[in-house]
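Structure, as structure tokens:
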Amino acid sequence: MSFESLHSSRKTKEAKSFVQSAPALADVHGPSQEVGAQNPLHTGEDKSCNSVHAPISDAEQLPLQPFQVRESSIAGRGIFATQAHRPGSIITAIKPYVSVMSTPYLAEFCTNCSSPPKESMKLRRCTRCRVVWYCTDKCQTIDWNVHKYECKALRKWEESAPATAKVPSDALRCLGRMFCSFKLHGLDSEWTREIKQMQSHRTSLPPSAYEPYTHLAHSLIRYLGVESPLELEPYGIRSTADLVDFISRFTTNAFTLTSYTLDPIGVAISPVVAAINHSCDPNAVVICDQPHEQEPQINLVAIKPIAPGEEIAISYIDITLPRQVRRKELKETYNFDCKCVLCSTPRYDDPRTAMFCPARCGGLRPVPTEGGGSPSCNKCKAITKNLEGELDALNVGQEALGKATMLQHTDPQKAKQLTSNIIPILNSAGLAPSCHPLLAMARLHQELLIASLPESMTQETLDDTIRTAARYAAGVSAILPVGHPVRGVALAELGKLLAVDEPSPPSNMAGSADRFPPSGSARLKLAHETLVRAREELLIGFGTDNGGGLVGREAREAIVRLEKELGAWTQGINNALEDVKATKTDLPRTC
Ligand SMILES: C[S@@+](CC[C@H](N)C(=O)[O-])C[C@H]1O[C@@H](n2cnc3c(N)ncnc32)[C@H](O)[C@@H]1O
């Protein structure tokens, strides 16, 4: 089995805000979301976050089934189940109103339907702007409605842009498409009304947002080729406040388009997704799968049982991060203090911050913090004798993770060197595999190892990659609930790696019972077990009716292949044993 589909997953995983800093705005590559302002058509204060929402009665008119939009105890509007949903049920399919592919992925995914090219086909580029790519003529024709405006803007932008920013940032292109769509649908249309109902944080923007907002507003005006405020009126922008509202609606409500292996590949806007609140312990996920009739296929999938009347919540950020880090990210990126249950009731034994007992009794303790004393084991109450050393390891780990993440595309060798050096330090300091920053470091290390496997495939490098993938899958499984798509994908990656043909399996199997990964048929059996488990989880995370998404369907094919291989292996052994028996019987007696 090849690992071709595995190394395509080593692309940027960071999901950054569009409004974090002015320089980043010039060429944001990551997906994102965030912030808000005032709706010109409706007013209604949300006291919880000092922001303005559409009146609930208007929101209820959104054609949402089988759930409804109503006031939430978390914040403003939320969506609520009107019927029971079991884990793996697709609550609804969502059609984004606007979407763009991230700059590094423009040539890899169709701008209209967000799919990669079909097997032997190649994407084709718009010959005018030479920026966007399509999988079929049909996709290009469908997209032309909006792209005809965008195409002109892209060409004009390119004429005056510096060589490093010939393509406007994802945020700018998405905002540009929203503008063009206002023109296309009309300011009085249902389309425009739904976009304008989305939450804006204009009245509660922190001072740190002023500069990036100003920068984005100026870039947008330049991108649209607008020369006077009057020219913005056809788009419904009559004041600076309207413009800030518009940008805030985008940053608060934009969500990340992901590839079928969960890599962030683009940005989209949908009024349905815009009504879903965040939880660090979500009961649903928004995932993308193969396109449906030239449209991106986005599904809202239940990952836990949801009762009628229960609020449906998704996570806006990586929920494997510790509470402190999550809250900081939600505040900085989305401008809110998270009120979810997980944030309100911190756990002493949270796996995200868990270290093993210093006396190795099997218990856990939280990581120490600067000036916070030495937390004791939850079982035997032992405390560390090496507080300084542990704090140093955590700081070094955090710093190295930042550096390696930055270097992963520009200098993957150096990034791999860093992750290889730091992981053992964090392990020997006693961090559990689920603990931050060890978990994130293991993920990055796994991606870097997979990317370099084709050139450096030896038994040792393959086994090392499998061990890293196993540690990452164990870490993720300690945090995320069964059926979370990240868990399913982690297990599928491990299963696929175990199924890769061994370059030089050890001939001496002495002590092989304790060896990980095992070799020969034991390895194939483990690959099979892992893929079966992965598929069960993918059937939840990507939707049961959907066959567990593309990864789930691939896992199923791999399982069938492995069953044949294992059958052949067992048959081969039986044949060999039969041969030996036959040879022994045929041997002439010598005495
Ligand atoms: C995409 S909107 C979600 C729908 C929004 N409640 C509304 O009324 O339109 C995101 C905004 O909802 C609020 N929000 C979502 N989840 C939250 C949470 N867990 N805690 C506090 N506020 C939250 C924040 O104001 C955030 O910027």
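Convention: chains lettered A, B, ... in structure tokens order; per-chain residue numbering from 1; ligands numbered from 1 as shown.
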Would you tabulate, counting only C-alpha atoms, all residues of segment 217-309 of chain A that have an atom at most 10 Å from an atom of segment 184-200 of chain A, showing the closest pair of atoms and their distance in Å to one decimal, sorted by chain then ascending number, as CSV?
residue,atom,partner,partner_atom,distance
A:Pro234,CA,A:Leu187,CA,7.9
A:Tyr235,CA,A:Leu187,CA,7.2
A:Gly236,CA,A:Leu187,CA,6.6
A:Val244,CA,A:Ser200,CA,8.8
A:Asp245,CA,A:Ser200,CA,5.9
A:Phe246,CA,A:Ser200,CA,7.8
A:Ile247,CA,A:Ser200,CA,8.4
A:Ser248,CA,A:Ser200,CA,5.2
A:Arg249,CA,A:Ser200,CA,4.7
A:Phe250,CA,A:Ser200,CA,8.2
A:Thr251,CA,A:Ser200,CA,8.5
A:Thr252,CA,A:Ser200,CA,6.6
A:Asn253,CA,A:Met198,CA,7.2
A:Ile269,CA,A:Ile195,CA,8.6
A:Ser270,CA,A:Ile195,CA,8.0
A:Pro271,CA,A:Glu194,CA,6.2
A:Val272,CA,A:Glu194,CA,9.2
A:Val273,CA,A:Met198,CA,9.8
A:Ala274,CA,A:Met198,CA,6.3
A:Ala275,CA,A:Met198,CA,7.4
Expected selection as a PyMOL selection string for ligand 1 within 7 Å, only C-alpha atoms and all ligand atoms | chain A and resi 34-36+49+53+74-78+198-199+252-253+273-279+334-340
Quick one: pick out all strand (DSSP E or B) residues within segment 114-147 of chain A from a backbone DSSP run and write them as a list of chain:residue names.
->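 So the strand (DSSP E or B) residues in segment 114-147 of chain A would be A:Arg124, A:Arg125, A:Trp133, A:Tyr134.
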With only C-alpha atoms as the basis for distance, which of A:Thr465, A:Gln417, A:Ser219, A:Asn508 is at the shortest distance from Ile450 of chain A?
->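 For Ile450 of chain A, the nearest of the candidates is A:Thr465.
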Contacts of Ser99 of chain A within 8 Å, only C-alpha atoms, excl. fewer than 6 positions in-chain, as a PyMOL selection string | chain A and resi 111+174+177+266-269
Limited to N, CA and C atoms, could you put the picked residues into a file as a PDB file, in the first residue's frame?
ATOM      1  N   THR A 111     -11.887  26.334  -7.597  1.00  0.00           N
ATOM      2  CA  THR A 111     -12.422  27.510  -6.925  1.00  0.00           C
ATOM      3  C   THR A 111     -13.941  27.451  -6.818  1.00  0.00           C
ATOM      4  N   CYS A 174     -12.190  36.930  -0.210  1.00  0.00           N
ATOM      5  CA  CYS A 174     -13.517  36.500   0.258  1.00  0.00           C
ATOM      6  C   CYS A 174     -14.423  37.724   0.432  1.00  0.00           C
ATOM      7  N   ARG A 177     -15.545  38.871  -2.935  1.00  0.00           N
ATOM      8  CA  ARG A 177     -16.639  38.042  -3.478  1.00  0.00           C
ATOM      9  C   ARG A 177     -17.972  38.374  -2.811  1.00  0.00           C
ATOM     10  N   GLY A 266      -9.356  26.644   2.643  1.00  0.00           N
ATOM     11  CA  GLY A 266     -10.070  27.821   2.146  1.00  0.00           C
ATOM     12  C   GLY A 266     -10.934  28.458   3.217  1.00  0.00           C
ATOM     13  N   VAL A 267     -11.691  29.451   2.801  1.00  0.00           N
ATOM     14  CA  VAL A 267     -12.526  30.215   3.728  1.00  0.00           C
ATOM     15  C   VAL A 267     -13.915  30.332   3.116  1.00  0.00           C
ATOM     16  N   ALA A 268     -14.954  30.266   3.965  1.00  0.00           N
ATOM     17  CA  ALA A 268     -16.314  30.356   3.439  1.00  0.00           C
ATOM     18  C   ALA A 268     -17.221  31.115   4.391  1.00  0.00           C
ATOM     19  N   ILE A 269     -18.343  31.563   3.842  1.00  0.00           N
ATOM     20  CA  ILE A 269     -19.363  32.263   4.636  1.00  0.00           C
ATOM     21  C   ILE A 269     -20.695  31.558   4.379  1.00  0.00           C
TER      22      ILE A 269
END
Near-segment 348-364 of chain A list (8 Å; only C-alpha atoms; drop same-chain fewer than 3 positions) as a ChimeraX atom specification | /A:320-322,367,376-380,382-384,430-432,434-436,478-479
Quick one: pull the distance between atom CA of Ile312 of chain A and atom CA of Ile94 of chain A, Å, one decimal.
-> 14.7 Å
With segment 489-499 of chain A as the partner and 12 Å as the cut-off, tabulate the residues of segment 193-263 of chain A that qualify, each row holding the nearest pair of atoms and their distance in Å to one decimal, using only C-alpha atoms, sorted by chain and rising number, as JSON lines.
{"residue": "A:Ser259", "atom": "CA", "partner": "A:Val489", "partner_atom": "CA", "distance": 11.7}
{"residue": "A:Tyr260", "atom": "CA", "partner": "A:Val489", "partner_atom": "CA", "distance": 9.3}
{"residue": "A:Thr261", "atom": "CA", "partner": "A:Val489", "partner_atom": "CA", "distance": 6.6}
{"residue": "A:Leu262", "atom": "CA", "partner": "A:Val489", "partner_atom": "CA", "distance": 8.0}
{"residue": "A:Asp263", "atom": "CA", "partner": "A:Val489", "partner_atom": "CA", "distance": 10.8}
Output file for the selection above: N, CA and C atoms, as a PDB file, in the first residue's frame:
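Output below, filename selection_36.pdb:
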ATOM      1  N   SER A 259      -9.847  20.137   3.650  1.00  0.00           N
ATOM      2  CA  SER A 259      -9.746  19.037   2.689  1.00  0.00           C
ATOM      3  C   SER A 259     -10.349  17.808   3.360  1.00  0.00           C
ATOM      4  N   TYR A 260     -10.420  16.700   2.618  1.00  0.00           N
ATOM      5  CA  TYR A 260     -11.039  15.523   3.230  1.00  0.00           C
ATOM      6  C   TYR A 260     -10.162  14.925   4.328  1.00  0.00           C
ATOM      7  N   THR A 261      -8.888  15.400   4.451  1.00  0.00           N
ATOM      8  CA  THR A 261      -8.073  14.952   5.589  1.00  0.00           C
ATOM      9  C   THR A 261      -7.971  16.052   6.649  1.00  0.00           C
ATOM     10  N   LEU A 262      -8.861  17.008   6.574  1.00  0.00           N
ATOM     11  CA  LEU A 262      -9.008  18.077   7.571  1.00  0.00           C
ATOM     12  C   LEU A 262      -7.950  19.173   7.503  1.00  0.00           C
ATOM     13  N   ASP A 263      -7.215  19.270   6.393  1.00  0.00           N
ATOM     14  CA  ASP A 263      -6.283  20.389   6.247  1.00  0.00           C
ATOM     15  C   ASP A 263      -7.067  21.627   5.841  1.00  0.00           C
TER      16      ASP A 263
END
Using only C-alpha atoms, determine which residues lie at most 10 Å from Val482 of chain A, disregarding the query and same-chain residues fewer than 4 positions distant; provide the list as a PyMOL selection string.
-> chain A and resi 87+303-304+477-478+486-488+536-538+540-541
Among listed residues A:Glu390, A:Val396, A:Trp144, A:Pro291, nearest Ser374 of chain A (using only C-alpha atoms) | A:Glu390
Name the closest residue to Asp501 of chain A among the candidates A:Ala534, A:Met457, A:Cys113, A:Leu394; distances are taken between atoms, counting only C-alpha atoms.
->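 Among the listed residues, the smallest separation from Asp501 of chain A belongs to A:Met457.
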Quick one, how far is atom CA of Ala555 of chain A from atom CA of Thr530 of chain A?
-> 9.7 Å
Counting only C-alpha atoms, the option among A:Ser169, A:Ser344, A:Ser102, A:Asn299 closest to Asp281 of chain A |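 Nearest to Asp281 of chain A: A:Ser344.
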Among segment 252-422 of chain A, which ones does DSSP place in alpha helix (DSSP H), written as a PDB file with N, CA and C atoms, in the first residue's frame?
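For reference, out-v3.pdb as written:
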ATOM      1  N   THR A 252     -16.127  37.655  12.074  1.00  0.00           N
ATOM      2  CA  THR A 252     -16.838  36.923  13.141  1.00  0.00           C
ATOM      3  C   THR A 252     -17.385  35.605  12.635  1.00  0.00           C
ATOM      4  N   ASN A 253     -17.741  35.568  11.370  1.00  0.00           N
ATOM      5  CA  ASN A 253     -18.531  34.429  10.901  1.00  0.00           C
ATOM      6  C   ASN A 253     -17.885  33.554   9.832  1.00  0.00           C
ATOM      7  N   ARG A 323      -6.902  24.965  28.278  1.00  0.00           N
ATOM      8  CA  ARG A 323      -7.935  25.983  28.526  1.00  0.00           C
ATOM      9  C   ARG A 323      -7.393  27.405  28.331  1.00  0.00           C
ATOM     10  N   GLN A 324      -6.256  27.670  28.980  1.00  0.00           N
ATOM     11  CA  GLN A 324      -5.673  29.023  28.921  1.00  0.00           C
ATOM     12  C   GLN A 324      -5.430  29.456  27.471  1.00  0.00           C
ATOM     13  N   VAL A 325      -4.841  28.562  26.707  1.00  0.00           N
ATOM     14  CA  VAL A 325      -4.488  28.873  25.313  1.00  0.00           C
ATOM     15  C   VAL A 325      -5.754  29.042  24.468  1.00  0.00           C
ATOM     16  N   ARG A 326      -6.739  28.183  24.706  1.00  0.00           N
ATOM     17  CA  ARG A 326      -8.000  28.280  23.941  1.00  0.00           C
ATOM     18  C   ARG A 326      -8.678  29.619  24.210  1.00  0.00           C
ATOM     19  N   ARG A 327      -8.729  29.978  25.494  1.00  0.00           N
ATOM     20  CA  ARG A 327      -9.444  31.208  25.860  1.00  0.00           C
ATOM     21  C   ARG A 327      -8.753  32.433  25.262  1.00  0.00           C
ATOM     22  N   LYS A 328      -7.422  32.382  25.257  1.00  0.00           N
ATOM     23  CA  LYS A 328      -6.648  33.505  24.699  1.00  0.00           C
ATOM     24  C   LYS A 328      -6.947  33.604  23.197  1.00  0.00           C
ATOM     25  N   GLU A 329      -6.934  32.455  22.542  1.00  0.00           N
ATOM     26  CA  GLU A 329      -7.162  32.452  21.093  1.00  0.00           C
ATOM     27  C   GLU A 329      -8.581  32.935  20.756  1.00  0.00           C
ATOM     28  N   LEU A 330      -9.560  32.474  21.536  1.00  0.00           N
ATOM     29  CA  LEU A 330     -10.948  32.889  21.261  1.00  0.00           C
ATOM     30  C   LEU A 330     -11.117  34.385  21.508  1.00  0.00           C
ATOM     31  N   LYS A 331     -10.415  34.891  22.509  1.00  0.00           N
ATOM     32  CA  LYS A 331     -10.531  36.319  22.816  1.00  0.00           C
ATOM     33  C   LYS A 331      -9.858  37.137  21.702  1.00  0.00           C
ATOM     34  N   GLU A 332      -8.613  36.730  21.376  1.00  0.00           N
ATOM     35  CA  GLU A 332      -7.861  37.520  20.393  1.00  0.00           C
ATOM     36  C   GLU A 332      -8.445  37.394  18.986  1.00  0.00           C
ATOM     37  N   THR A 333      -8.875  36.199  18.659  1.00  0.00           N
ATOM     38  CA  THR A 333      -9.325  35.966  17.289  1.00  0.00           C
ATOM     39  C   THR A 333     -10.802  36.255  17.114  1.00  0.00           C
ATOM     40  N   TYR A 334     -11.606  35.884  18.112  1.00  0.00           N
ATOM     41  CA  TYR A 334     -13.062  35.996  17.942  1.00  0.00           C
ATOM     42  C   TYR A 334     -13.717  36.998  18.866  1.00  0.00           C
ATOM     43  N   VAL A 341     -19.161  24.870  28.879  1.00  0.00           N
ATOM     44  CA  VAL A 341     -19.072  24.111  30.139  1.00  0.00           C
ATOM     45  C   VAL A 341     -17.627  23.733  30.445  1.00  0.00           C
ATOM     46  N   LEU A 342     -16.886  23.341  29.417  1.00  0.00           N
ATOM     47  CA  LEU A 342     -15.500  22.910  29.647  1.00  0.00           C
ATOM     48  C   LEU A 342     -14.648  24.049  30.201  1.00  0.00           C
ATOM     49  N   CYS A 343     -14.881  25.261  29.707  1.00  0.00           N
ATOM     50  CA  CYS A 343     -14.116  26.406  30.202  1.00  0.00           C
ATOM     51  C   CYS A 343     -14.574  26.803  31.610  1.00  0.00           C
ATOM     52  N   SER A 344     -15.864  26.598  31.898  1.00  0.00           N
ATOM     53  CA  SER A 344     -16.396  27.021  33.198  1.00  0.00           C
ATOM     54  C   SER A 344     -16.021  26.053  34.316  1.00  0.00           C
ATOM     55  N   LEU A 387      11.158  20.768  39.764  1.00  0.00           N
ATOM     56  CA  LEU A 387      10.218  21.768  39.267  1.00  0.00           C
ATOM     57  C   LEU A 387      10.855  22.675  38.206  1.00  0.00           C
ATOM     58  N   GLU A 388      12.069  23.150  38.510  1.00  0.00           N
ATOM     59  CA  GLU A 388      12.781  24.046  37.579  1.00  0.00           C
ATOM     60  C   GLU A 388      12.977  23.383  36.222  1.00  0.00           C
ATOM     61  N   GLY A 389      13.444  22.133  36.267  1.00  0.00           N
ATOM     62  CA  GLY A 389      13.715  21.380  35.033  1.00  0.00           C
ATOM     63  C   GLY A 389      12.448  21.209  34.208  1.00  0.00           C
ATOM     64  N   GLU A 390      11.319  20.941  34.880  1.00  0.00           N
ATOM     65  CA  GLU A 390      10.064  20.745  34.152  1.00  0.00           C
ATOM     66  C   GLU A 390       9.587  22.053  33.516  1.00  0.00           C
ATOM     67  N   LEU A 391       9.734  23.145  34.285  1.00  0.00           N
ATOM     68  CA  LEU A 391       9.319  24.452  33.731  1.00  0.00           C
ATOM     69  C   LEU A 391      10.179  24.804  32.519  1.00  0.00           C
ATOM     70  N   ASP A 392      11.485  24.517  32.626  1.00  0.00           N
ATOM     71  CA  ASP A 392      12.400  24.786  31.500  1.00  0.00           C
ATOM     72  C   ASP A 392      11.980  23.980  30.285  1.00  0.00           C
ATOM     73  N   ALA A 393      11.692  22.692  30.507  1.00  0.00           N
ATOM     74  CA  ALA A 393      11.316  21.819  29.380  1.00  0.00           C
ATOM     75  C   ALA A 393      10.053  22.350  28.702  1.00  0.00           C
ATOM     76  N   LEU A 394       9.088  22.797  29.510  1.00  0.00           N
ATOM     77  CA  LEU A 394       7.832  23.300  28.934  1.00  0.00           C
ATOM     78  C   LEU A 394       8.074  24.564  28.109  1.00  0.00           C
ATOM     79  N   ASN A 395       8.928  25.454  28.646  1.00  0.00           N
ATOM     80  CA  ASN A 395       9.223  26.692  27.900  1.00  0.00           C
ATOM     81  C   ASN A 395       9.962  26.400  26.599  1.00  0.00           C
ATOM     82  N   VAL A 396      10.960  25.522  26.706  1.00  0.00           N
ATOM     83  CA  VAL A 396      11.737  25.163  25.512  1.00  0.00           C
ATOM     84  C   VAL A 396      10.813  24.519  24.475  1.00  0.00           C
ATOM     85  N   GLY A 397       9.926  23.653  24.942  1.00  0.00           N
ATOM     86  CA  GLY A 397       8.997  22.961  24.045  1.00  0.00           C
ATOM     87  C   GLY A 397       8.086  23.942  23.327  1.00  0.00           C
ATOM     88  N   GLN A 398       7.556  24.893  24.083  1.00  0.00           N
ATOM     89  CA  GLN A 398       6.634  25.876  23.503  1.00  0.00           C
ATOM     90  C   GLN A 398       7.350  26.707  22.429  1.00  0.00           C
ATOM     91  N   GLU A 399       8.573  27.137  22.773  1.00  0.00           N
ATOM     92  CA  GLU A 399       9.339  27.969  21.833  1.00  0.00           C
ATOM     93  C   GLU A 399       9.695  27.170  20.567  1.00  0.00           C
ATOM     94  N   ALA A 400      10.123  25.937  20.784  1.00  0.00           N
ATOM     95  CA  ALA A 400      10.520  25.099  19.637  1.00  0.00           C
ATOM     96  C   ALA A 400       9.322  24.807  18.739  1.00  0.00           C
ATOM     97  N   LEU A 401       8.156  24.622  19.340  1.00  0.00           N
ATOM     98  CA  LEU A 401       6.954  24.342  18.541  1.00  0.00           C
ATOM     99  C   LEU A 401       6.659  25.523  17.614  1.00  0.00           C
ATOM    100  N   GLY A 402       6.755  26.734  18.178  1.00  0.00           N
ATOM    101  CA  GLY A 402       6.530  27.939  17.372  1.00  0.00           C
ATOM    102  C   GLY A 402       7.512  28.001  16.206  1.00  0.00           C
ATOM    103  N   LYS A 403       8.794  27.737  16.502  1.00  0.00           N
ATOM    104  CA  LYS A 403       9.838  27.818  15.464  1.00  0.00           C
ATOM    105  C   LYS A 403       9.623  26.754  14.400  1.00  0.00           C
ATOM    106  N   ALA A 404       9.391  25.524  14.847  1.00  0.00           N
ATOM    107  CA  ALA A 404       9.235  24.415  13.891  1.00  0.00           C
ATOM    108  C   ALA A 404       8.001  24.630  13.011  1.00  0.00           C
ATOM    109  N   THR A 405       6.935  25.178  13.598  1.00  0.00           N
ATOM    110  CA  THR A 405       5.722  25.424  12.813  1.00  0.00           C
ATOM    111  C   THR A 405       6.023  26.441  11.712  1.00  0.00           C
ATOM    112  N   MET A 406       6.802  27.465  12.092  1.00  0.00           N
ATOM    113  CA  MET A 406       7.141  28.497  11.108  1.00  0.00           C
ATOM    114  C   MET A 406       8.015  27.940   9.987  1.00  0.00           C
ATOM    115  N   LEU A 407       8.923  27.025  10.371  1.00  0.00           N
ATOM    116  CA  LEU A 407       9.896  26.502   9.405  1.00  0.00           C
ATOM    117  C   LEU A 407       9.378  25.348   8.553  1.00  0.00           C
ATOM    118  N   GLN A 408       8.197  24.807   8.904  1.00  0.00           N
ATOM    119  CA  GLN A 408       7.786  23.537   8.294  1.00  0.00           C
ATOM    120  C   GLN A 408       7.729  23.561   6.764  1.00  0.00           C
ATOM    121  N   HIS A 409       7.419  24.726   6.188  1.00  0.00           N
ATOM    122  CA  HIS A 409       7.347  24.783   4.719  1.00  0.00           C
ATOM    123  C   HIS A 409       8.631  25.305   4.099  1.00  0.00           C
ATOM    124  N   THR A 410       9.270  26.279   4.794  1.00  0.00           N
ATOM    125  CA  THR A 410      10.455  26.886   4.206  1.00  0.00           C
ATOM    126  C   THR A 410      11.700  26.027   4.403  1.00  0.00           C
ATOM    127  N   PRO A 412      11.889  22.382   5.916  1.00  0.00           N
ATOM    128  CA  PRO A 412      11.353  21.217   6.639  1.00  0.00           C
ATOM    129  C   PRO A 412      12.425  20.391   7.349  1.00  0.00           C
ATOM    130  N   GLN A 413      13.654  20.381   6.774  1.00  0.00           N
ATOM    131  CA  GLN A 413      14.742  19.614   7.402  1.00  0.00           C
ATOM    132  C   GLN A 413      15.021  20.139   8.806  1.00  0.00           C
ATOM    133  N   LYS A 414      15.126  21.481   8.874  1.00  0.00           N
ATOM    134  CA  LYS A 414      15.439  22.127  10.144  1.00  0.00           C
ATOM    135  C   LYS A 414      14.274  21.924  11.126  1.00  0.00           C
ATOM    136  N   ALA A 415      13.059  22.028  10.584  1.00  0.00           N
ATOM    137  CA  ALA A 415      11.882  21.831  11.443  1.00  0.00           C
ATOM    138  C   ALA A 415      11.913  20.421  12.027  1.00  0.00           C
ATOM    139  N   LYS A 416      12.287  19.442  11.184  1.00  0.00           N
ATOM    140  CA  LYS A 416      12.310  18.044  11.649  1.00  0.00           C
ATOM    141  C   LYS A 416      13.405  17.840  12.707  1.00  0.00           C
ATOM    142  N   GLN A 417      14.514  18.522  12.479  1.00  0.00           N
ATOM    143  CA  GLN A 417      15.616  18.448  13.448  1.00  0.00           C
ATOM    144  C   GLN A 417      15.127  18.920  14.820  1.00  0.00           C
ATOM    145  N   LEU A 418      14.393  20.045  14.785  1.00  0.00           N
ATOM    146  CA  LEU A 418      13.881  20.624  16.041  1.00  0.00           C
ATOM    147  C   LEU A 418      12.915  19.668  16.728  1.00  0.00           C
ATOM    148  N   THR A 419      11.926  19.158  15.970  1.00  0.00           N
ATOM    149  CA  THR A 419      10.938  18.269  16.601  1.00  0.00           C
ATOM    150  C   THR A 419      11.629  16.992  17.110  1.00  0.00           C
ATOM    151  N   SER A 420      12.620  16.491  16.340  1.00  0.00           N
ATOM    152  CA  SER A 420      13.324  15.264  16.776  1.00  0.00           C
ATOM    153  C   SER A 420      14.070  15.519  18.082  1.00  0.00           C
ATOM    154  N   ASN A 421      14.650  16.723  18.235  1.00  0.00           N
ATOM    155  CA  ASN A 421      15.432  17.007  19.447  1.00  0.00           C
ATOM    156  C   ASN A 421      14.549  17.254  20.660  1.00  0.00           C
ATOM    157  N   ILE A 422      13.412  17.916  20.436  1.00  0.00           N
ATOM    158  CA  ILE A 422      12.626  18.380  21.590  1.00  0.00           C
ATOM    159  C   ILE A 422      11.663  17.318  22.123  1.00  0.00           C
TER     160      ILE A 422
END
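Counting from atom CA of Pro66 of chain A, the distance to atom CA of Ser89 of chain A is 11.7 Å.
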